[in-house]
Every structure is written in C-alpha cells, then in structure tokens.
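Source file: final.txt. Holds: compact mmCIF, C-alpha atoms.
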# COMPACT_ATOMS: atom_id res chain seq x y z
CA ALA Q 319 -26.70 -17.19 -10.25
CA ARG Q 320 -27.90 -15.41 -7.17
CA PRO Q 321 -28.12 -17.01 -3.73
CA GLY Q 322 -31.19 -19.21 -3.69
CA GLY Q 323 -30.73 -20.41 -7.25
CA HIS Q 324 -32.39 -17.46 -9.04
CA LYS Q 325 -30.91 -16.11 -12.24
CA ASP Q 326 -31.10 -12.76 -13.89
CA GLY Q 327 -29.77 -11.23 -17.09
CA ALA Q 328 -26.48 -10.15 -15.52
CA THR Q 329 -25.48 -13.34 -13.81
CA ALA Q 330 -27.35 -16.05 -15.69
CA GLY Q 331 -25.07 -18.88 -16.65
CA ALA Q 332 -22.60 -17.87 -13.95
CA MET Q 333 -21.65 -19.24 -10.57
CA LEU Q 334 -20.74 -17.43 -7.36
CA ALA Q 335 -17.18 -17.81 -6.14
CA PRO Q 336 -15.05 -16.07 -3.49
CA LEU Q 337 -13.75 -12.69 -4.53
CA MET Q 338 -10.13 -13.90 -4.61
CA ASN Q 339 -10.99 -16.45 -7.34
CA GLY Q 340 -12.30 -13.90 -9.79
CA TRP Q 341 -10.37 -10.73 -9.03
CA PRO Q 342 -9.30 -9.15 -12.34
CA GLY Q 343 -6.29 -7.29 -10.92
CA ARG Q 344 -2.92 -8.69 -9.89
CA ASN Q 345 -3.58 -8.74 -6.15
CA SER Q 346 -3.76 -11.75 -3.87
CA PHE Q 347 -6.15 -12.31 -0.97
CA PRO Q 348 -4.58 -14.38 1.84
CA CYS Q 349 -6.29 -15.35 5.10
CA GLY Q 350 -9.60 -16.15 3.44
CA GLY Q 351 -9.83 -12.77 1.71
CA ARG Q 352 -9.34 -10.76 4.90
CA LEU Q 353 -6.05 -9.35 3.61
CA MET Q 354 -5.20 -7.81 0.24
CA VAL Q 355 -1.57 -7.80 -0.92
CA GLY Q 356 0.05 -6.52 -4.06
CA PRO Q 357 1.83 -8.54 -6.74
CA ASN Q 358 5.22 -7.74 -5.13
CA PHE Q 359 4.51 -8.86 -1.56
CA LEU Q 360 7.97 -10.45 -1.34
CA HIS Q 361 9.32 -6.88 -1.43
CA CYS Q 362 7.46 -6.22 1.81
CA LEU Q 363 9.02 -9.28 3.43
CA GLY Q 364 12.43 -8.09 2.23
CA THR Q 365 11.80 -4.69 3.81
CA LEU Q 366 10.82 -6.42 7.04
CA MET Q 367 14.07 -8.41 7.04
CA MET Q 368 16.09 -5.23 6.42
CA MET Q 369 14.51 -3.79 9.56
CA LEU Q 370 14.78 -6.92 11.67
CA THR Q 371 18.43 -7.77 10.92
CA PRO Q 372 20.08 -4.52 12.15
CA ALA Q 373 17.77 -4.47 15.18
CA LEU Q 374 18.95 -7.96 16.18
CA VAL Q 375 22.58 -6.98 15.61
CA PHE Q 376 21.97 -3.90 17.79
CA LEU Q 377 20.55 -6.00 20.63
CA ALA Q 378 23.39 -8.53 20.38
CA THR Q 379 26.34 -6.12 20.13
CA VAL Q 380 25.46 -2.65 21.41
CA CYS Q 381 23.29 -3.49 24.44
CA PRO Q 382 26.02 -5.58 26.16
CA LEU Q 383 28.43 -2.64 25.79
CA VAL Q 384 25.81 -0.31 27.27
CA ALA Q 385 25.50 -2.67 30.23
CA LEU Q 386 29.28 -2.61 30.63
CA HIS Q 387 29.45 1.19 30.80
CA ALA Q 388 26.08 2.23 32.25
CA GLY Q 389 24.73 -0.86 34.02
CA GLY Q 390 22.11 -3.46 33.29
CA THR Q 391 19.12 -1.17 33.84
CA ALA Q 392 20.23 1.21 31.10
CA ALA Q 393 20.92 -1.69 28.77
CA TYR Q 394 17.45 -3.16 29.35
CA ALA Q 395 15.84 0.25 28.80
CA ILE Q 396 17.69 0.83 25.52
CA GLY Q 397 16.94 -2.70 24.34
CA ALA Q 398 13.26 -2.32 25.20
CA ALA Q 399 13.09 1.00 23.33
CA CYS Q 400 14.60 -0.64 20.23
CA VAL Q 401 12.12 -3.54 20.41
CA VAL Q 402 9.13 -1.20 20.81
CA LEU Q 403 10.18 0.89 17.81
CA LEU Q 404 10.79 -2.25 15.76
CA MET Q 405 7.36 -3.68 16.61
CA LEU Q 406 5.64 -0.38 15.85
CA ALA Q 407 7.40 0.05 12.50
CA SER Q 408 6.80 -3.59 11.55
CA SER Q 409 3.10 -3.44 12.41
CA LEU Q 410 2.64 -0.27 10.35
CA LEU Q 411 4.55 -1.84 7.45
CA LEU Q 412 2.36 -4.95 7.48
CA ARG Q 413 -0.81 -2.92 7.89
CA ALA Q 414 0.01 -0.66 4.95
CA SER Q 415 0.97 -3.59 2.72
CA THR Q 416 -1.90 -5.95 3.54
CA MET Q 417 -4.93 -3.64 3.46
CA ASP Q 418 -7.02 -2.38 0.58
CA PRO Q 419 -5.30 0.87 -0.47
CA GLY Q 420 -8.54 2.27 -1.85
CA VAL Q 421 -9.33 0.11 -4.86
CA ILE Q 422 -12.28 1.30 -6.91
CA ALA Q 423 -14.55 -1.49 -8.12
CA ARG Q 424 -14.39 -1.82 -11.86
CA ARG Q 425 -17.41 -2.08 -14.13
CA GLU Q 426 -17.76 -5.08 -16.42
CA PRO Q 427 -19.28 -3.94 -19.74
CA CYS Q 428 -20.01 -7.41 -21.13
CA LEU Q 429 -23.36 -9.07 -20.41
CA VAL Q 430 -24.37 -12.68 -20.95
CA THR Q 431 -27.24 -13.24 -23.37
CA ALA Q 432 -30.03 -15.66 -22.61
CA SER Q 433 -28.90 -17.98 -25.38
CA SER Q 434 -25.31 -18.20 -24.14
CA ALA Q 435 -26.52 -18.62 -20.57
CA SER Q 436 -28.56 -21.65 -21.55
CA GLY Q 437 -25.59 -23.26 -23.29
CA GLU Q 438 -26.89 -22.80 -26.83
CA GLY Q 439 -23.72 -21.12 -28.04
CA GLY Q 440 -25.27 -17.74 -28.80
CA GLU Q 441 -23.22 -14.63 -29.35
CA ARG Q 442 -22.46 -12.35 -26.44
CA GLU Q 443 -24.21 -9.04 -26.17
CA VAL Q 444 -21.67 -6.26 -25.57
CA GLN Q 445 -22.85 -3.23 -23.68
CA ALA Q 446 -21.07 -0.17 -25.07
CA VAL Q 447 -19.92 2.29 -22.45
CA GLN Q 448 -20.61 5.90 -23.33
CA ARG Q 449 -17.50 8.01 -22.90
CA GLY Q 450 -18.98 11.47 -22.76
CA SER Q 451 -17.48 14.37 -20.88
CA ARG Q 452 -18.23 14.29 -17.15
CA GLY Q 453 -17.19 16.43 -14.25
CA VAL Q 454 -17.81 17.19 -10.60
CA VAL Q 455 -17.56 20.33 -8.49
CA VAL Q 456 -14.76 20.24 -5.89
CA ASN Q 457 -14.37 23.22 -3.55
CA GLY Q 458 -16.10 25.46 -6.06
CA HIS Q 459 -14.03 24.24 -9.03
CA ILE Q 460 -15.17 21.97 -11.85
CA VAL Q 461 -12.95 18.88 -12.12
CA SER Q 462 -13.20 16.68 -15.21
CA LEU Q 463 -13.45 12.95 -14.58
CA LYS Q 464 -11.09 10.74 -16.56
CA TYR Q 465 -12.35 7.53 -18.09
CA CYS Q 466 -10.42 4.31 -17.42
CA ALA Q 467 -10.74 1.92 -20.37
CA THR Q 468 -9.44 -0.99 -18.28
CA CYS Q 469 -11.87 -0.63 -15.38
CA ASN Q 470 -14.66 0.86 -17.53
CA ILE Q 471 -15.36 3.61 -15.02
CA TYR Q 472 -15.04 7.36 -14.67
CA ARG Q 473 -12.40 7.72 -12.00
CA PRO Q 474 -13.07 10.02 -9.02
CA PRO Q 475 -10.83 13.09 -8.73
CA ARG Q 476 -7.22 12.23 -7.78
CA ALA Q 477 -7.73 8.53 -8.55
CA SER Q 478 -5.41 6.78 -10.99
CA HIS Q 479 -4.90 3.34 -12.49
CA CYS Q 480 -1.85 1.48 -11.19
CA LYS Q 481 -0.27 -0.49 -14.01
CA THR Q 482 1.56 -2.76 -11.57
CA CYS Q 483 -1.51 -3.83 -9.56
CA ASP Q 484 -3.95 -3.29 -12.47
CA ASN Q 485 -6.48 -1.43 -10.32
CA CYS Q 486 -7.87 2.08 -10.11
CA VAL Q 487 -6.99 3.45 -6.67
CA ASP Q 488 -8.72 6.32 -4.90
CA ARG Q 489 -6.37 9.25 -4.12
CA PHE Q 490 -3.53 7.30 -5.71
CA ASP Q 491 -0.17 8.37 -4.28
CA HIS Q 492 2.30 5.90 -5.78
CA HIS Q 493 3.12 2.21 -6.09
CA CYS Q 494 5.59 1.58 -3.29
CA PRO Q 495 8.36 -0.96 -4.01
CA TRP Q 496 9.06 -1.31 -0.27
CA LEU Q 497 5.45 -2.30 0.47
CA GLY Q 498 4.92 -4.21 -2.75
CA THR Q 499 1.53 -2.57 -3.23
CA CYS Q 500 -0.13 0.77 -3.96
CA VAL Q 501 -0.38 3.65 -1.52
CA GLY Q 502 -3.78 5.31 -1.69
CA ARG Q 503 -6.48 6.90 0.41
CA ARG Q 504 -6.96 4.00 2.82
CA ASN Q 505 -3.33 3.09 3.64
CA TYR Q 506 -1.54 6.44 3.26
CA SER Q 507 -1.59 7.19 7.00
CA ALA Q 508 -0.11 3.76 7.79
CA PHE Q 509 2.57 4.31 5.14
CA VAL Q 510 3.58 7.71 6.56
CA GLY Q 511 3.57 6.25 10.08
CA PHE Q 512 5.83 3.44 8.86
CA ILE Q 513 8.47 5.71 7.32
CA LEU Q 514 8.44 8.07 10.33
CA THR Q 515 8.83 5.30 12.92
CA THR Q 516 11.49 3.60 10.79
CA THR Q 517 13.38 6.91 10.61
CA LEU Q 518 13.13 7.25 14.38
CA MET Q 519 14.33 3.67 14.97
CA ASP Q 520 17.24 4.09 12.56
CA SER Q 521 18.26 7.35 14.26
CA PHE Q 522 18.11 5.64 17.64
CA VAL Q 523 20.26 2.72 16.48
CA MET Q 524 22.84 4.96 14.82
CA GLY Q 525 23.05 7.45 17.71
CA THR Q 526 23.38 4.77 20.38
CA SER Q 527 25.98 2.86 18.36
CA LEU Q 528 28.12 5.97 17.86
CA PHE Q 529 27.88 6.88 21.55
CA VAL Q 530 28.96 3.39 22.58
CA LEU Q 531 31.91 3.60 20.20
CA HIS Q 532 32.80 6.93 21.82
CA LEU Q 533 32.75 5.31 25.26
CA GLU Q 534 34.84 2.39 24.03
CA GLY Q 535 37.41 4.82 22.64
CA ALA Q 536 38.46 5.87 26.18
CA GLY Q 537 36.30 9.02 26.14
CA GLY Q 538 38.73 11.23 24.25
CA LEU Q 539 37.79 13.72 21.56
CA MET Q 540 34.51 12.64 19.93
CA GLY Q 541 35.90 12.01 16.44
CA MET Q 542 39.05 10.25 17.58
CA SER Q 543 37.30 8.21 20.28
CA ILE Q 544 34.73 6.92 17.80
CA PHE Q 545 37.55 5.92 15.44
CA LEU Q 546 39.38 4.07 18.24
CA GLY Q 547 36.15 2.40 19.34
CA ALA Q 548 35.46 1.29 15.77
CA GLN Q 549 38.85 -0.42 15.68
CA ARG Q 550 37.97 -2.37 18.82
CA HIS Q 551 34.39 -3.18 17.72
CA PRO Q 552 34.14 -3.37 13.91
CA ASP Q 553 30.71 -5.02 14.17
CA VAL Q 554 29.26 -1.99 15.97
CA ALA Q 555 31.02 0.32 13.52
CA GLY Q 556 29.53 -1.55 10.58
CA LEU Q 557 26.06 -1.27 12.14
CA ALA Q 558 26.55 2.49 12.61
CA VAL Q 559 27.62 2.97 8.98
CA PHE Q 560 24.68 0.89 7.73
CA ALA Q 561 22.24 2.90 9.87
CA CYS Q 562 23.80 6.20 8.76
CA LEU Q 563 23.42 5.38 5.05
CA TRP Q 564 19.78 4.37 5.50
CA LEU Q 565 19.10 7.42 7.62
CA VAL Q 566 20.03 9.73 4.73
CA PHE Q 567 17.47 7.99 2.50
CA LEU Q 568 14.81 7.87 5.22
CA LEU Q 569 15.20 11.55 6.09
CA LEU Q 570 14.78 12.52 2.44
CA LEU Q 571 11.73 10.25 2.07
CA SER Q 572 10.14 11.43 5.31
CA GLY Q 573 10.81 15.07 4.48
CA LEU Q 574 9.28 14.66 1.04
CA HIS Q 575 6.04 13.19 2.35
CA LEU Q 576 5.79 15.66 5.21
CA VAL Q 577 6.05 18.49 2.70
CA LEU Q 578 3.51 16.87 0.36
CA LEU Q 579 0.92 16.07 3.03
CA SER Q 580 1.28 19.54 4.56
CA SER Q 581 -0.02 20.98 1.28
CA ASN Q 582 -2.31 18.02 0.45
CA VAL Q 583 -0.44 16.97 -2.69
CA THR Q 584 0.04 13.35 -3.73
CA THR Q 585 3.31 11.95 -5.05
CA ASN Q 586 1.58 11.23 -8.36
CA GLU Q 587 0.46 14.86 -8.66
CA GLN Q 588 3.91 16.12 -7.70
CA MET Q 589 5.61 13.93 -10.32
CA LYS Q 590 3.18 15.08 -13.03
CA GLY Q 591 3.36 18.73 -11.98
CA VAL Q 592 -0.42 19.01 -11.68
CA TRP Q 593 -0.30 22.09 -9.42
CA ARG Q 594 2.85 23.65 -10.84
CA ASP Q 595 1.07 26.46 -12.68
CA ARG Q 596 -2.18 26.75 -10.73
CA ASP Q 597 -3.49 26.78 -7.18
CA ASN Q 598 -4.10 23.47 -5.42
CA ILE Q 599 -7.86 23.25 -4.92
CA TYR Q 600 -7.40 20.55 -2.25
CA ASP Q 601 -5.16 22.66 0.00
CA HIS Q 602 -7.15 23.44 3.19
CA GLY Q 603 -4.27 24.79 5.27
CA PHE Q 604 -1.50 23.00 7.16
CA LEU Q 605 -3.48 21.68 10.14
CA SER Q 606 -6.47 20.57 8.08
CA ASN Q 607 -4.20 18.88 5.55
CA VAL Q 608 -2.36 16.94 8.25
CA TYR Q 609 -5.65 15.89 9.80
CA LEU Q 610 -7.08 14.74 6.47
CA ALA Q 611 -3.94 12.77 5.59
CA LEU Q 612 -3.17 11.13 8.93
CA LEU Q 613 -6.07 11.40 11.38
CA SER Q 614 -9.30 11.33 9.39
CA PRO Q 615 -11.39 8.12 9.53
CA ILE Q 616 -10.40 5.47 7.00
CA PRO Q 617 -13.16 4.98 4.40
CA GLU Q 618 -14.83 1.59 4.30
CA SER Q 619 -13.37 -0.77 1.74
CA VAL Q 620 -15.48 -1.77 -1.26
CA LEU Q 621 -14.04 -5.26 -0.75
CA SER Q 622 -15.04 -7.63 2.04
CA PRO Q 623 -14.14 -11.21 2.98
CA GLY Q 624 -17.73 -12.26 2.29
CA ALA Q 625 -17.87 -10.74 -1.19
CA ARG Q 626 -18.68 -13.05 -4.08
CA VAL Q 627 -18.10 -12.68 -7.80
CA ALA Q 628 -20.14 -14.12 -10.65
CA LEU Q 629 -17.89 -16.28 -12.78
CA ASP Q 630 -18.98 -16.94 -16.36
CA ILE Q 631 -18.53 -20.59 -17.23
CA GLU Q 632 -17.66 -21.50 -20.81
CA GLY Q 633 -18.90 -25.00 -21.38
CA GLY Q 634 -22.39 -25.07 -19.93
CA PHE Q 635 -24.26 -24.12 -16.80
CA GLY Q 636 -23.15 -25.99 -13.71
CA ALA Q 637 -19.57 -26.63 -14.79
CA GLY Q 638 -17.16 -26.05 -11.91
CA VAL Q 639 -14.21 -23.77 -11.40
CA GLY Q 640 -10.84 -24.79 -10.02
CA GLY Q 641 -11.16 -28.55 -10.44
CA GLU Q 642 -14.89 -29.04 -10.00
CA GLY Q 643 -17.06 -30.53 -12.73
CA SER Q 644 -16.20 -33.31 -15.14
CA ALA Q 645 -12.65 -34.65 -15.20
CA GLY Q 646 -10.42 -33.24 -17.91
CA ALA Q 647 -12.83 -30.39 -18.74
CA THR Q 648 -11.33 -26.98 -19.37
CA HIS Q 649 -13.29 -23.91 -18.31
CA GLU Q 650 -12.58 -20.30 -19.10
CA HIS Q 651 -13.99 -17.97 -16.46
CA ARG Q 652 -14.19 -14.22 -16.26
CA MET Q 653 -15.44 -11.86 -13.56
CA LEU Q 654 -18.76 -10.31 -14.51
CA SER Q 655 -19.63 -8.33 -11.41
CA VAL Q 656 -18.89 -8.03 -7.71
CA LEU Q 657 -21.88 -8.95 -5.58
CA PRO Q 658 -22.43 -7.87 -1.96
CA ARG Q 659 -21.77 -10.04 1.07
CA VAL Q 660 -23.95 -13.14 1.25

Would you mind giving the structure from this file in structure tokens?
Amino acid sequence: ARPGGHKDGATAGAMLAPLMNGWPGRNSFPCGGRLMVGPNFLHCLGTLMMMLTPALVFLATVCPLVALHAGGTAAYAIGAACVVLLMLASSLLLRASTMDPGVIARREPCLVTASSASGEGGEREVQAVQRGSRGVVVNGHIVSLKYCATCNIYRPPRASHCKTCDNCVDRFDHHCPWLGTCVGRRNYSAFVGFILTTTLMDSFVMGTSLFVLHLEGAGGLMGMSIFLGAQRHPDVAGLAVFACLWLVFLLLLSGLHLVLLSSNVTTNEQMKGVWRDRDNIYDHGFLSNVYLALLSPIPESVLSPGARVALDIEGGFGAGVGGEGSAGATHEHRMLSVLPRV
C-alpha cells in the first residue's frame, strides 16, 4: 500500500514498515535506522576495547613517570596527545563501522497478483529476470557487468556481493573483521583513516614507554637501560611489548592499503589478481588515486532513516507485522521493494 491508502500492482496486499523491519541482508539498523551495522558489530566493540585498554594503562603508568622525570607540564602534554589520538581513532572506527558502506539496493523479482492481494489464495506471478550480456564503457574500455542472482541486479563495475552481510556493495574492498562490516566506496576513507591514526597512536605509546624505561634505567646505554627499567616497571614493559607486537601488524596493514590506494586497486581485486596480467583501467596516477580514495565527496546512501519497505502479508490484507493483528496469528513477510522517504 502506498501512503494515502492507494494500492498498485507492486505493493497491493502489502503494508509499509520501517526499512529495518524488512531488510533482506544481515545488517542491523540501530538509532531508528540512522546507523547501519554489520552482523559482527561485537567485533567492532572488541576492537574499541583493545584500543581503550592500553591507552588507559598508558595514562595510569607512563604519564606519572614522565611527570617524575620531565615535570607535570610534559606529562599533561603527553597524556593529552594520547587522548586526542584515541578519540580520533575511535571516532573513525565507529564511523566506518556504523555507516552504509555502499550497499546497492537489490531488485525483488516477485510480484503480487491481484488475486493473492485480495486474499483469494491465487498463485504468485513470478517476473523472470533476463540475464543477457551487459556492459559499460569505463575510461575507454568495455567492462562486462556481472549478474547477482541473490540481489537480482547487474552489479556496477568493482561491486561485489558480501556473503557475510548478504549485500552487494559498491567498490567492494573487503569484509573487515575488526569493523564487523564491509568496507566499500562510502566508508573506505574512514577505514584508512582509522588504521593510520591507530598506527600513529600505537607508535606514540610504544615510543614513549620505551623512552620512560630508558630514563628509569639510570640513563645508561639504551639497550641496557631499557632492560633495567623493565625490571623496575614490568607493567610499562608489558605495555611496550604489547604495543610493539601490534605495531608490526598495523604497519603491514597500513602499508598494504597505502600501496593499494596509490594505484587505485581494491583488496578484493588484489586477492583475485584482477590486474595481474593487464593494465589497471582505474589507475589515474598517484595524486588522483589518493584524492579519489580519501578526499572525494562521499556518495549519497541509497538508504535513509525515513525509507519504508512494502511487506507482503500472508494471511490477508490488514494483518499486522511484529505482534499486530489478531492474537496467535502467524504472518510470513518478505520485502518486495524499497520505497522512497515518506
């Protein structure tokens, strides 16, 4: 049903419900549909805790030693720098994990017949989707469009279907276990900003911790003084080892994505070897590639908090969804189409 009570062939026998109630993928929509999170959002919270815990240990153990050796002003400055980096990395993490990564609206091939819409139990009319060969011209090259049988669409170039989130994502890069969601066209810049700021924060924590251990070791030779300082402050030594191990991983991850974005290659394309034996038609040069990946305007999402979906109601027109309608009734509902904001 459309707003105002009118029906048409596509939504007859259906009711409008918030997008989150009829989304066919595995995403969730907290805050009234203003946020979109993946099926593994707890992974994002775990990542946040892994950032927060060493930062708190740093503030509680290293900053007092800095104050002892260099004064309170230096300690406050170092503590403030750590907090700023933590807030920046955390905000980029949450932004990347709670925004639409570039989901492409799927097409529902099944239509409701007039008889089934009126509750007469008629058979459904299935609209067959033609899967002919299609292509587009990109930078003077013809690129074939792949058909997604799940979303019933021809995917744009560089898009791919994420099996974890069950969505087609524009410029799909990868499904990130640290974010708990996909990384695509809309959240790639936030993802790269997150790993770069996290690398910077981890380097800051490790470097400051090692320098404090050097000062605590009576200022002898660097290696020996750090060892002596670690004996006196095992908590700071443990923090430095933890930060050092993570820094190796973060440097490799940051280096990988800096190399990929500098040549405008996605992780998905790199893993599949798409450009191994041919020229990358999306490579516009280093500066243009960096701009496109990190500084270009973020495309508008096809999803919006005010979006509504038409839910097909099995059991008669007017039956409710999610507890509405007659008591004890069971209703099977399925998303037919995404309607614009109402």

Could I get the residues of segment 468-503 of chain Q with an atom no further than 12 Å from an atom of segment 395-412 of chain Q, each paired with its nearest atom pair and that distance in Å to one decimal, using all atoms listed in the file, sorted by chain and residue number, as CSV?
residue,atom,partner,partner_atom,distance
Q:Cys494,CA,Q:Leu411,CA,11.3
Q:Trp496,CA,Q:Leu411,CA,9.0
Q:Leu497,CA,Q:Leu411,CA,7.1
Q:Gly498,CA,Q:Leu411,CA,10.5
Q:Thr499,CA,Q:Leu412,CA,11.0
Q:Val501,CA,Q:Leu411,CA,11.6

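Take the candidates Q:Asn457, Q:Thr515, Q:Thr526, Q:Asn358 and check each one against Tyr600 of chain Q using all atoms listed in the file; the shortest distance goes to Q:Asn457.
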
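The space separating atom CA of Gly389 of chain Q from atom CA of Leu533 of chain Q comes to 13.4 Å.
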
Could the residues of segment 393-421 of chain Q that have an atom at most 9 Å from segment 610-620 of chain Q be listed as JSON lines, each with its closest atom pair and the distance in Å to one decimal, counting only C-alpha atoms and ordered by chain and ascending residue number?
{"residue": "Q:Asp418", "atom": "CA", "partner": "Q:Ser619", "partner_atom": "CA", "distance": 6.7}
{"residue": "Q:Pro419", "atom": "CA", "partner": "Q:Ser619", "partner_atom": "CA", "distance": 8.5}
{"residue": "Q:Gly420", "atom": "CA", "partner": "Q:Ser619", "partner_atom": "CA", "distance": 6.7}
{"residue": "Q:Val421", "atom": "CA", "partner": "Q:Val620", "partner_atom": "CA", "distance": 7.4}

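Our summary of the geometry notes that atom CA of Gly364 of chain Q is positioned 16.1 Å from atom CA of Phe509 of chain Q.
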
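Counting only C-alpha atoms and comparing Q:Asn607, Q:Asp597, Q:Ile513, Q:Gly356, the residue that lies closest to Thr482 of chain Q is Q:Gly356.
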
- How many Å separate atom CA of Thr468 of chain Q from atom CA of Trp341 of chain Q? 13.5 Å

- Nearest residue to Arg352 of chain Q from the set Q:Asn505, Q:Trp564, Q:Val530, Q:Arg413 (distances using only C-alpha atoms): Q:Arg413

- Message: Applying 9 Å and all atoms listed in the file, which residues near Leu546 of chain Q remain after dropping the ones on its own chain fewer than 5 positions away? List them as a list in words.
- Response: Leu531, His532, Glu534, Gly535, Ala536, Gly541 and His551 of chain Q

Residue subset to file, keeping C-alpha atoms, as a compact mmCIF listing (two decimals), in the coordinates of the input:
# COMPACT_ATOMS: atom_id res chain seq x y z
CA LEU Q 531 31.91 3.60 20.20
CA HIS Q 532 32.80 6.93 21.82
CA GLU Q 534 34.84 2.39 24.03
CA GLY Q 535 37.41 4.82 22.64
CA ALA Q 536 38.46 5.87 26.18
CA GLY Q 541 35.90 12.01 16.44
CA HIS Q 551 34.39 -3.18 17.72

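The smallest atom-to-atom distance between Gly573 of chain Q and any of Q:Thr371, Q:Ser415, Q:Thr517, Q:Asn485, using only C-alpha atoms, is found for Q:Thr517.
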
- Task: For the point (-0.7, 11.9, -6.4) in the file's frame, write as a VMD selection string all residues with an atom no more than 12 Å away, counting all atoms listed in the file.
- Result: chain Q and resid 475 to 480 487 to 493 500 to 503 506 575 578 to 579 581 to 593 600

Can you sort out the box for segment 542-554 of chain Q, edges along x, y and z, all listed atoms in, 6 Å on every side, with centre and edge lengths in Å to one decimal, as AutoDock Vina command-line options?
--center_x 34.3 --center_y 2.6 --center_z 17.1 --size_x 22.1 --size_y 27.3 --size_z 18.4

- Message: Residues near Ser580 of chain Q, anyone? I mean within 8 Å using all atoms listed in the file, not counting same-chain ones fewer than 4 positions away, as a list of chain:residue names.
- Response: Q:Leu576, Q:Gly603, Q:Phe604, Q:Leu605, Q:Asn607, Q:Val608

- Item | Selected residue of minimal separation from Cys486 of chain Q among Q:Cys562, Q:Ala423, Q:Val455, Q:Leu518, counting all atoms listed in the file | Q:Ala423

Identify, on the basis of all atoms listed in the file, every residue whose closest approach to Leu463 of chain Q does not exceed 9 Å; exclude the query and any residue fewer than 4 positions from it along the same chain; express the result as a CSV table (one decimal) with C-alpha atoms, keeping the file's coordinate frame.
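Written output follows (selection-v7.csv):
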chain,number,residue,atom,x,y,z
Q,451,SER,CA,-17.5,14.4,-20.9
Q,452,ARG,CA,-18.2,14.3,-17.2
Q,453,GLY,CA,-17.2,16.4,-14.2
Q,454,VAL,CA,-17.8,17.2,-10.6
Q,472,TYR,CA,-15.0,7.4,-14.7
Q,473,ARG,CA,-12.4,7.7,-12.0
Q,474,PRO,CA,-13.1,10.0,-9.0
Q,475,PRO,CA,-10.8,13.1,-8.7
